[in-house]
Amino acid sequence: MGSVRGPALGAPLTHAVPGGLSVKKKTGPLLWILFGAAVLYWIWWFSMGRGFVPLPPDDEAESGGAGVSSLASPVRALIAIALLLFVPAGADGQLVNRSSGGMVSAGHPLAAEAGARMLDQGGNAVDAAVAAAWALSVVEPSMSGIGGRAQILVRLPDGSLHGIDATTQAPATYDPDTAPQAGYGYPTVGVPGVPAGLLRAHEKFGSLPRAIVMAPAIRLAAQGFTLLPGEARRHAAAAGQLAEFEGSRRHFLRPDGTPHEAGDRLVQSDLADVLRAIAEGGHDAFYSGPIAERMVRDLQANGGAVTREALAAYRAETSRIVRGDYRGIELAGLWMPSFGAITIHALHLLETVDLEGATEAEWAAAVAEALRVAYLERPNQRGWEDAERLMSKGWAVERAALMQLGAPGGAVGSFESVDEAEVAGAREGRASTDGPPPPAWSAEPGHTTHLSTADAQGGMVALTQSLGPNMGSKVAAPGLGFLYAATLGGYLGRMEGGQRAASHISPFMLLRNGEPWVALGAAGGGRIPTAIVAAVSRMVDADLPVHEALRAPRVVPITGSAFQAADPDGPLRVDLEANTGVGFSDDVIAAFEALGFSARRTIRPGAFGRIHAVQWDAVRGEWIGAADPDWEGAARAPGDFEFGEARAGSEARTTLKPPPADS
């Protein structure tokens, strides 16, 4: 199989137009009329003293306010239409960016800008990542928040790698045998980890004062921001469940009980107060004192399991680094409760296949099978000996015999029926699946958020944070303004007292000769590792730059691997991306099916994970930032602020020490 190159890997979702915006193809003069009306209204809105909807300048005074300032009737409709037409392509068109001074790529443009402002003020990659993560907790509350969990992978300029586990946790007193089972609501709430994780990352590795790093998030919460179309759709999808809880109604629905719409300005004054308290008091301000008391009082009154003692005892912990190698490129991720080892194992499996000369269909088959076999290991991640097994190339070679790469008599390997249950439970001394997999393993891939950052000195951060499903537990703390993650009650499977939640979160890095090359990760539940593996293969096997790798179509196995029970007598079922402009062509899908697979064409943005990444371009001496074309994010560089003047650039912009030329 040969290298997979060229246009067959997928065309861009959007095309550039003057002014840096990206618009959907086949839009028309009406689009420009609507956009012009929206711009005029926006200018009027500002002239009337309403203030900027996007991130305000640093020196703009904070203002209070409550709820949403809805734009009035027909004009608001024009803005909403303009947003729907323009915003999905990175919200402002900066899906790809370049800079020698560092880079931030995140799932929301305002979060990316918050991180880039830290670089502009002389901060490092950790300052940028933490600022962007706090901001995401404000502007993308359906995907993450301070009531959720996070995993953080850090590479310092000295080359050392560090991991932080800030996942949610079951209280020590939690009893899974007597606790109520639920898919959402108070029984699913565990101890939040995001505040502890972000604070620890900044304390250990950041350089700017905490107040500066948290300032953008506080301003966004206090002054409000324009709700993007995707975020508005996710609020609407959860509106019925949000309405069941007092805090959620107050903070995430309009006074009449309807969900907010795209173009609304969402102001979160209570959340701003909580963030101010954390900025001033650090860890104890959230996990002890009045905020903790308020959380526990509401949770206990409504059947929740979290106690005051559980909050006070929570700490972000050090994660162990897992490592691998894919065709000479060094791989780094995090061990449990992250899925870094599974991601590495999948790449080791894929490495056993010679992709030289591969067609797109053959590439898709190889990736799908590597992922299917790797996912058989999901229930078998217990102790460090399991991590060592999954990092072993010898184990990958042994397991590669289970990969089914073509139809009988085909040129791409053998096709055999495999009893998935037998494979999963056959290894002596290791746990096998007992009963159905946790609901989180097969949940709709529409949740979680990821960001990646880099600085001028070669520091990189990959940070993933999540609430679990869309809007998490659907429970918001009354008067505090944030949603809790779904953790307990069966969503993540059986959890014992004190256990920390495992998930598919997988912040990841690629290194060349120990030097920085790529920081990436993904959102999308069980499709996080699958997206990462596909993108890594595109960059390494097809030599695509990161932004082209993110545009290329992806593949996910459906049969086996706990996605769906296998039929030993039937074809392997695989989900193929078929979105217009970035999906596999009909010819490729037909060729894929000719290899003996059953293909399901999926046309839905965000269904194959959403990656936000940064990559070092050694030839040009620049960082490339790439935001997934299937989402509303952006890549931002220092000084790259569309709204508000950037501060004077720091010397860090011109002191980049490039990695060796061969990197």
# chains A, B, ... in the order shown; residues from 1 in each chain; ligands from 1
>>> closest_atom_pairs(of="range 517-582 of chain A", to="range 94-107 of chain A", cutoff="12 Å", atoms="only C-alpha atoms", output="Markdown table")
| residue | atom | partner | partner_atom | distance |
| --- | --- | --- | --- | --- |
| A:Val518 | CA | A:Met103 | CA | 11.5 |
| A:Ala519 | CA | A:Ser105 | CA | 10.0 |
| A:Leu520 | CA | A:Ser105 | CA | 9.2 |
| A:Gly521 | CA | A:Ala106 | CA | 10.4 |
| A:Ala522 | CA | A:Gly107 | CA | 9.9 |
| A:Ala523 | CA | A:Gly107 | CA | 9.2 |
| A:Pro545 | CA | A:Val96 | CA | 10.7 |
| A:Val546 | CA | A:Val96 | CA | 9.2 |
| A:His547 | CA | A:Val96 | CA | 6.5 |
| A:Glu548 | CA | A:Val96 | CA | 9.6 |
| A:Ala549 | CA | A:Val96 | CA | 11.8 |
| A:Leu550 | CA | A:Leu95 | CA | 10.2 |
| A:Arg551 | CA | A:Leu95 | CA | 10.4 |
>>> write_last_selection(atoms="N, CA and C atoms", output="PDB file, in the first residue's frame")
ATOM      1  N   VAL A 518       3.700  18.461  17.037  1.00  0.00           N
ATOM      2  CA  VAL A 518       2.250  18.643  17.015  1.00  0.00           C
ATOM      3  C   VAL A 518       1.679  18.432  18.412  1.00  0.00           C
ATOM      4  N   ALA A 519       0.765  19.294  18.807  1.00  0.00           N
ATOM      5  CA  ALA A 519      -0.095  19.071  19.976  1.00  0.00           C
ATOM      6  C   ALA A 519      -1.519  19.023  19.462  1.00  0.00           C
ATOM      7  N   LEU A 520      -2.252  18.010  19.867  1.00  0.00           N
ATOM      8  CA  LEU A 520      -3.616  17.865  19.368  1.00  0.00           C
ATOM      9  C   LEU A 520      -4.457  17.063  20.363  1.00  0.00           C
ATOM     10  N   GLY A 521      -5.689  16.973  20.086  1.00  0.00           N
ATOM     11  CA  GLY A 521      -6.662  16.215  20.854  1.00  0.00           C
ATOM     12  C   GLY A 521      -7.999  16.412  20.179  1.00  0.00           C
ATOM     13  N   ALA A 522      -9.027  15.849  20.737  1.00  0.00           N
ATOM     14  CA  ALA A 522     -10.319  15.916  20.060  1.00  0.00           C
ATOM     15  C   ALA A 522     -11.458  15.942  21.060  1.00  0.00           C
ATOM     16  N   ALA A 523     -12.611  16.311  20.568  1.00  0.00           N
ATOM     17  CA  ALA A 523     -13.870  16.192  21.283  1.00  0.00           C
ATOM     18  C   ALA A 523     -14.713  15.167  20.558  1.00  0.00           C
ATOM     19  N   PRO A 545       0.039  18.800   5.964  1.00  0.00           N
ATOM     20  CA  PRO A 545       0.082  19.725   7.101  1.00  0.00           C
ATOM     21  C   PRO A 545      -1.170  19.558   7.945  1.00  0.00           C
ATOM     22  N   VAL A 546      -1.107  20.027   9.174  1.00  0.00           N
ATOM     23  CA  VAL A 546      -2.164  19.710  10.125  1.00  0.00           C
ATOM     24  C   VAL A 546      -3.540  20.163   9.651  1.00  0.00           C
ATOM     25  N   HIS A 547      -3.620  21.344   9.034  1.00  0.00           N
ATOM     26  CA  HIS A 547      -4.942  21.828   8.631  1.00  0.00           C
ATOM     27  C   HIS A 547      -5.536  20.990   7.513  1.00  0.00           C
ATOM     28  N   GLU A 548      -4.692  20.454   6.620  1.00  0.00           N
ATOM     29  CA  GLU A 548      -5.205  19.563   5.585  1.00  0.00           C
ATOM     30  C   GLU A 548      -5.586  18.212   6.178  1.00  0.00           C
ATOM     31  N   ALA A 549      -4.830  17.763   7.162  1.00  0.00           N
ATOM     32  CA  ALA A 549      -5.165  16.504   7.829  1.00  0.00           C
ATOM     33  C   ALA A 549      -6.520  16.592   8.511  1.00  0.00           C
ATOM     34  N   LEU A 550      -6.855  17.759   9.062  1.00  0.00           N
ATOM     35  CA  LEU A 550      -8.142  17.927   9.730  1.00  0.00           C
ATOM     36  C   LEU A 550      -9.293  18.000   8.733  1.00  0.00           C
ATOM     37  N   ARG A 551      -9.012  18.393   7.496  1.00  0.00           N
ATOM     38  CA  ARG A 551     -10.066  18.442   6.475  1.00  0.00           C
ATOM     39  C   ARG A 551     -10.343  17.072   5.871  1.00  0.00           C
TER      40      ARG A 551
END
>>> residues_around(residues="range 507-511 of chain A", least_positions_apart="5", cutoff="10 Å", atoms="only C-alpha atoms", output="number ranges by chain")
A: 150-155, 159, 161, 163, 322-326, 328-334, 338-340, 343-344, 450-452, 460-465, 516-523, 528-529, 532, 536, 613-616, 663
>>> select_by_dssp(residues="range 106-316 of chain A", states="strand (DSSP E or B)", output="list in words")
Ala106, Gly147, Arg149, Ala150, Gln151, Ile152, Leu153, Val154, Arg155, Leu161, His162, Gly163, Ile164, Asp165, Ala166, Gln169, Val191, Phe225, Thr226, Leu253, Pro259, Arg265 and Leu266 of chain A
>>> write_last_selection(atoms="N, CA and C atoms", output="PDB file, in the first residue's frame")
ATOM      1  N   ALA A 106      -8.731  26.541  19.539  1.00  0.00           N
ATOM      2  CA  ALA A 106      -9.769  26.150  20.495  1.00  0.00           C
ATOM      3  C   ALA A 106     -11.122  26.100  19.814  1.00  0.00           C
ATOM      4  N   GLY A 147     -17.770  22.769  36.378  1.00  0.00           N
ATOM      5  CA  GLY A 147     -18.346  21.619  37.059  1.00  0.00           C
ATOM      6  C   GLY A 147     -17.955  20.304  36.412  1.00  0.00           C
ATOM      7  N   ARG A 149     -14.718  17.842  34.048  1.00  0.00           N
ATOM      8  CA  ARG A 149     -13.448  17.152  34.206  1.00  0.00           C
ATOM      9  C   ARG A 149     -12.483  17.575  33.107  1.00  0.00           C
ATOM     10  N   ALA A 150     -11.174  17.358  33.363  1.00  0.00           N
ATOM     11  CA  ALA A 150     -10.155  17.763  32.400  1.00  0.00           C
ATOM     12  C   ALA A 150      -8.946  16.850  32.501  1.00  0.00           C
ATOM     13  N   GLN A 151      -8.238  16.740  31.383  1.00  0.00           N
ATOM     14  CA  GLN A 151      -6.942  16.075  31.315  1.00  0.00           C
ATOM     15  C   GLN A 151      -5.997  17.020  30.571  1.00  0.00           C
ATOM     16  N   ILE A 152      -4.786  17.188  31.110  1.00  0.00           N
ATOM     17  CA  ILE A 152      -3.863  18.186  30.576  1.00  0.00           C
ATOM     18  C   ILE A 152      -2.495  17.550  30.351  1.00  0.00           C
ATOM     19  N   LEU A 153      -1.967  17.700  29.142  1.00  0.00           N
ATOM     20  CA  LEU A 153      -0.628  17.228  28.788  1.00  0.00           C
ATOM     21  C   LEU A 153       0.228  18.443  28.454  1.00  0.00           C
ATOM     22  N   VAL A 154       1.371  18.563  29.111  1.00  0.00           N
ATOM     23  CA  VAL A 154       2.230  19.740  28.981  1.00  0.00           C
ATOM     24  C   VAL A 154       3.623  19.314  28.531  1.00  0.00           C
ATOM     25  N   ARG A 155       4.148  19.988  27.534  1.00  0.00           N
ATOM     26  CA  ARG A 155       5.567  19.874  27.201  1.00  0.00           C
ATOM     27  C   ARG A 155       6.227  21.208  27.480  1.00  0.00           C
ATOM     28  N   LEU A 161       7.926  16.253  29.801  1.00  0.00           N
ATOM     29  CA  LEU A 161       6.489  16.084  29.645  1.00  0.00           C
ATOM     30  C   LEU A 161       5.828  15.900  31.000  1.00  0.00           C
ATOM     31  N   HIS A 162       4.667  16.510  31.167  1.00  0.00           N
ATOM     32  CA  HIS A 162       3.952  16.456  32.436  1.00  0.00           C
ATOM     33  C   HIS A 162       2.463  16.275  32.173  1.00  0.00           C
ATOM     34  N   GLY A 163       1.812  15.500  33.029  1.00  0.00           N
ATOM     35  CA  GLY A 163       0.390  15.263  32.892  1.00  0.00           C
ATOM     36  C   GLY A 163      -0.364  15.613  34.153  1.00  0.00           C
ATOM     37  N   ILE A 164      -1.569  16.132  33.992  1.00  0.00           N
ATOM     38  CA  ILE A 164      -2.430  16.482  35.121  1.00  0.00           C
ATOM     39  C   ILE A 164      -3.794  15.823  34.913  1.00  0.00           C
ATOM     40  N   ASP A 165      -4.210  15.072  35.925  1.00  0.00           N
ATOM     41  CA  ASP A 165      -5.528  14.424  35.925  1.00  0.00           C
ATOM     42  C   ASP A 165      -6.466  15.248  36.793  1.00  0.00           C
ATOM     43  N   ALA A 166      -7.464  15.839  36.157  1.00  0.00           N
ATOM     44  CA  ALA A 166      -8.470  16.619  36.877  1.00  0.00           C
ATOM     45  C   ALA A 166      -9.860  16.101  36.522  1.00  0.00           C
ATOM     46  N   GLN A 169     -14.892  12.859  40.207  1.00  0.00           N
ATOM     47  CA  GLN A 169     -14.645  11.761  41.143  1.00  0.00           C
ATOM     48  C   GLN A 169     -15.901  11.447  41.941  1.00  0.00           C
ATOM     49  N   VAL A 191     -17.749  14.940  42.033  1.00  0.00           N
ATOM     50  CA  VAL A 191     -16.940  16.080  42.463  1.00  0.00           C
ATOM     51  C   VAL A 191     -16.269  16.697  41.237  1.00  0.00           C
ATOM     52  N   PHE A 225     -21.597  37.571  25.724  1.00  0.00           N
ATOM     53  CA  PHE A 225     -21.036  37.269  24.418  1.00  0.00           C
ATOM     54  C   PHE A 225     -22.174  36.800  23.524  1.00  0.00           C
ATOM     55  N   THR A 226     -21.944  36.829  22.225  1.00  0.00           N
ATOM     56  CA  THR A 226     -22.952  36.411  21.264  1.00  0.00           C
ATOM     57  C   THR A 226     -22.985  34.891  21.163  1.00  0.00           C
ATOM     58  N   LEU A 253     -31.924  29.089  30.425  1.00  0.00           N
ATOM     59  CA  LEU A 253     -33.132  29.297  29.639  1.00  0.00           C
ATOM     60  C   LEU A 253     -33.600  30.732  29.825  1.00  0.00           C
ATOM     61  N   PRO A 259     -35.370  28.220  25.016  1.00  0.00           N
ATOM     62  CA  PRO A 259     -33.906  28.270  24.931  1.00  0.00           C
ATOM     63  C   PRO A 259     -33.429  29.526  24.220  1.00  0.00           C
ATOM     64  N   ARG A 265     -27.297  37.623  23.299  1.00  0.00           N
ATOM     65  CA  ARG A 265     -26.126  37.931  24.123  1.00  0.00           C
ATOM     66  C   ARG A 265     -26.335  37.295  25.492  1.00  0.00           C
ATOM     67  N   LEU A 266     -25.506  36.329  25.815  1.00  0.00           N
ATOM     68  CA  LEU A 266     -25.629  35.583  27.061  1.00  0.00           C
ATOM     69  C   LEU A 266     -24.733  36.201  28.127  1.00  0.00           C
TER      70      LEU A 266
END
>>> closest_residue(among="A:Gln223, A:Pro109, A:Leu136, A:Ser473", to="Glu244 in chain A", atoms="only C-alpha atoms")
A:Ser473
>>> atom_distance(atom1="CA of Ser269 in chain A", atom2="CA of Ala132 in chain A")
19.0 Å
>>> atom_distance(atom1="CA of Arg233 in chain A", atom2="CA of His260 in chain A")
8.8 Å
>>> closest_residue(among="A:Gly193, A:Gly115, A:Gly122, A:Gly224", to="Ser207 in chain A", atoms="only C-alpha atoms")
A:Gly122
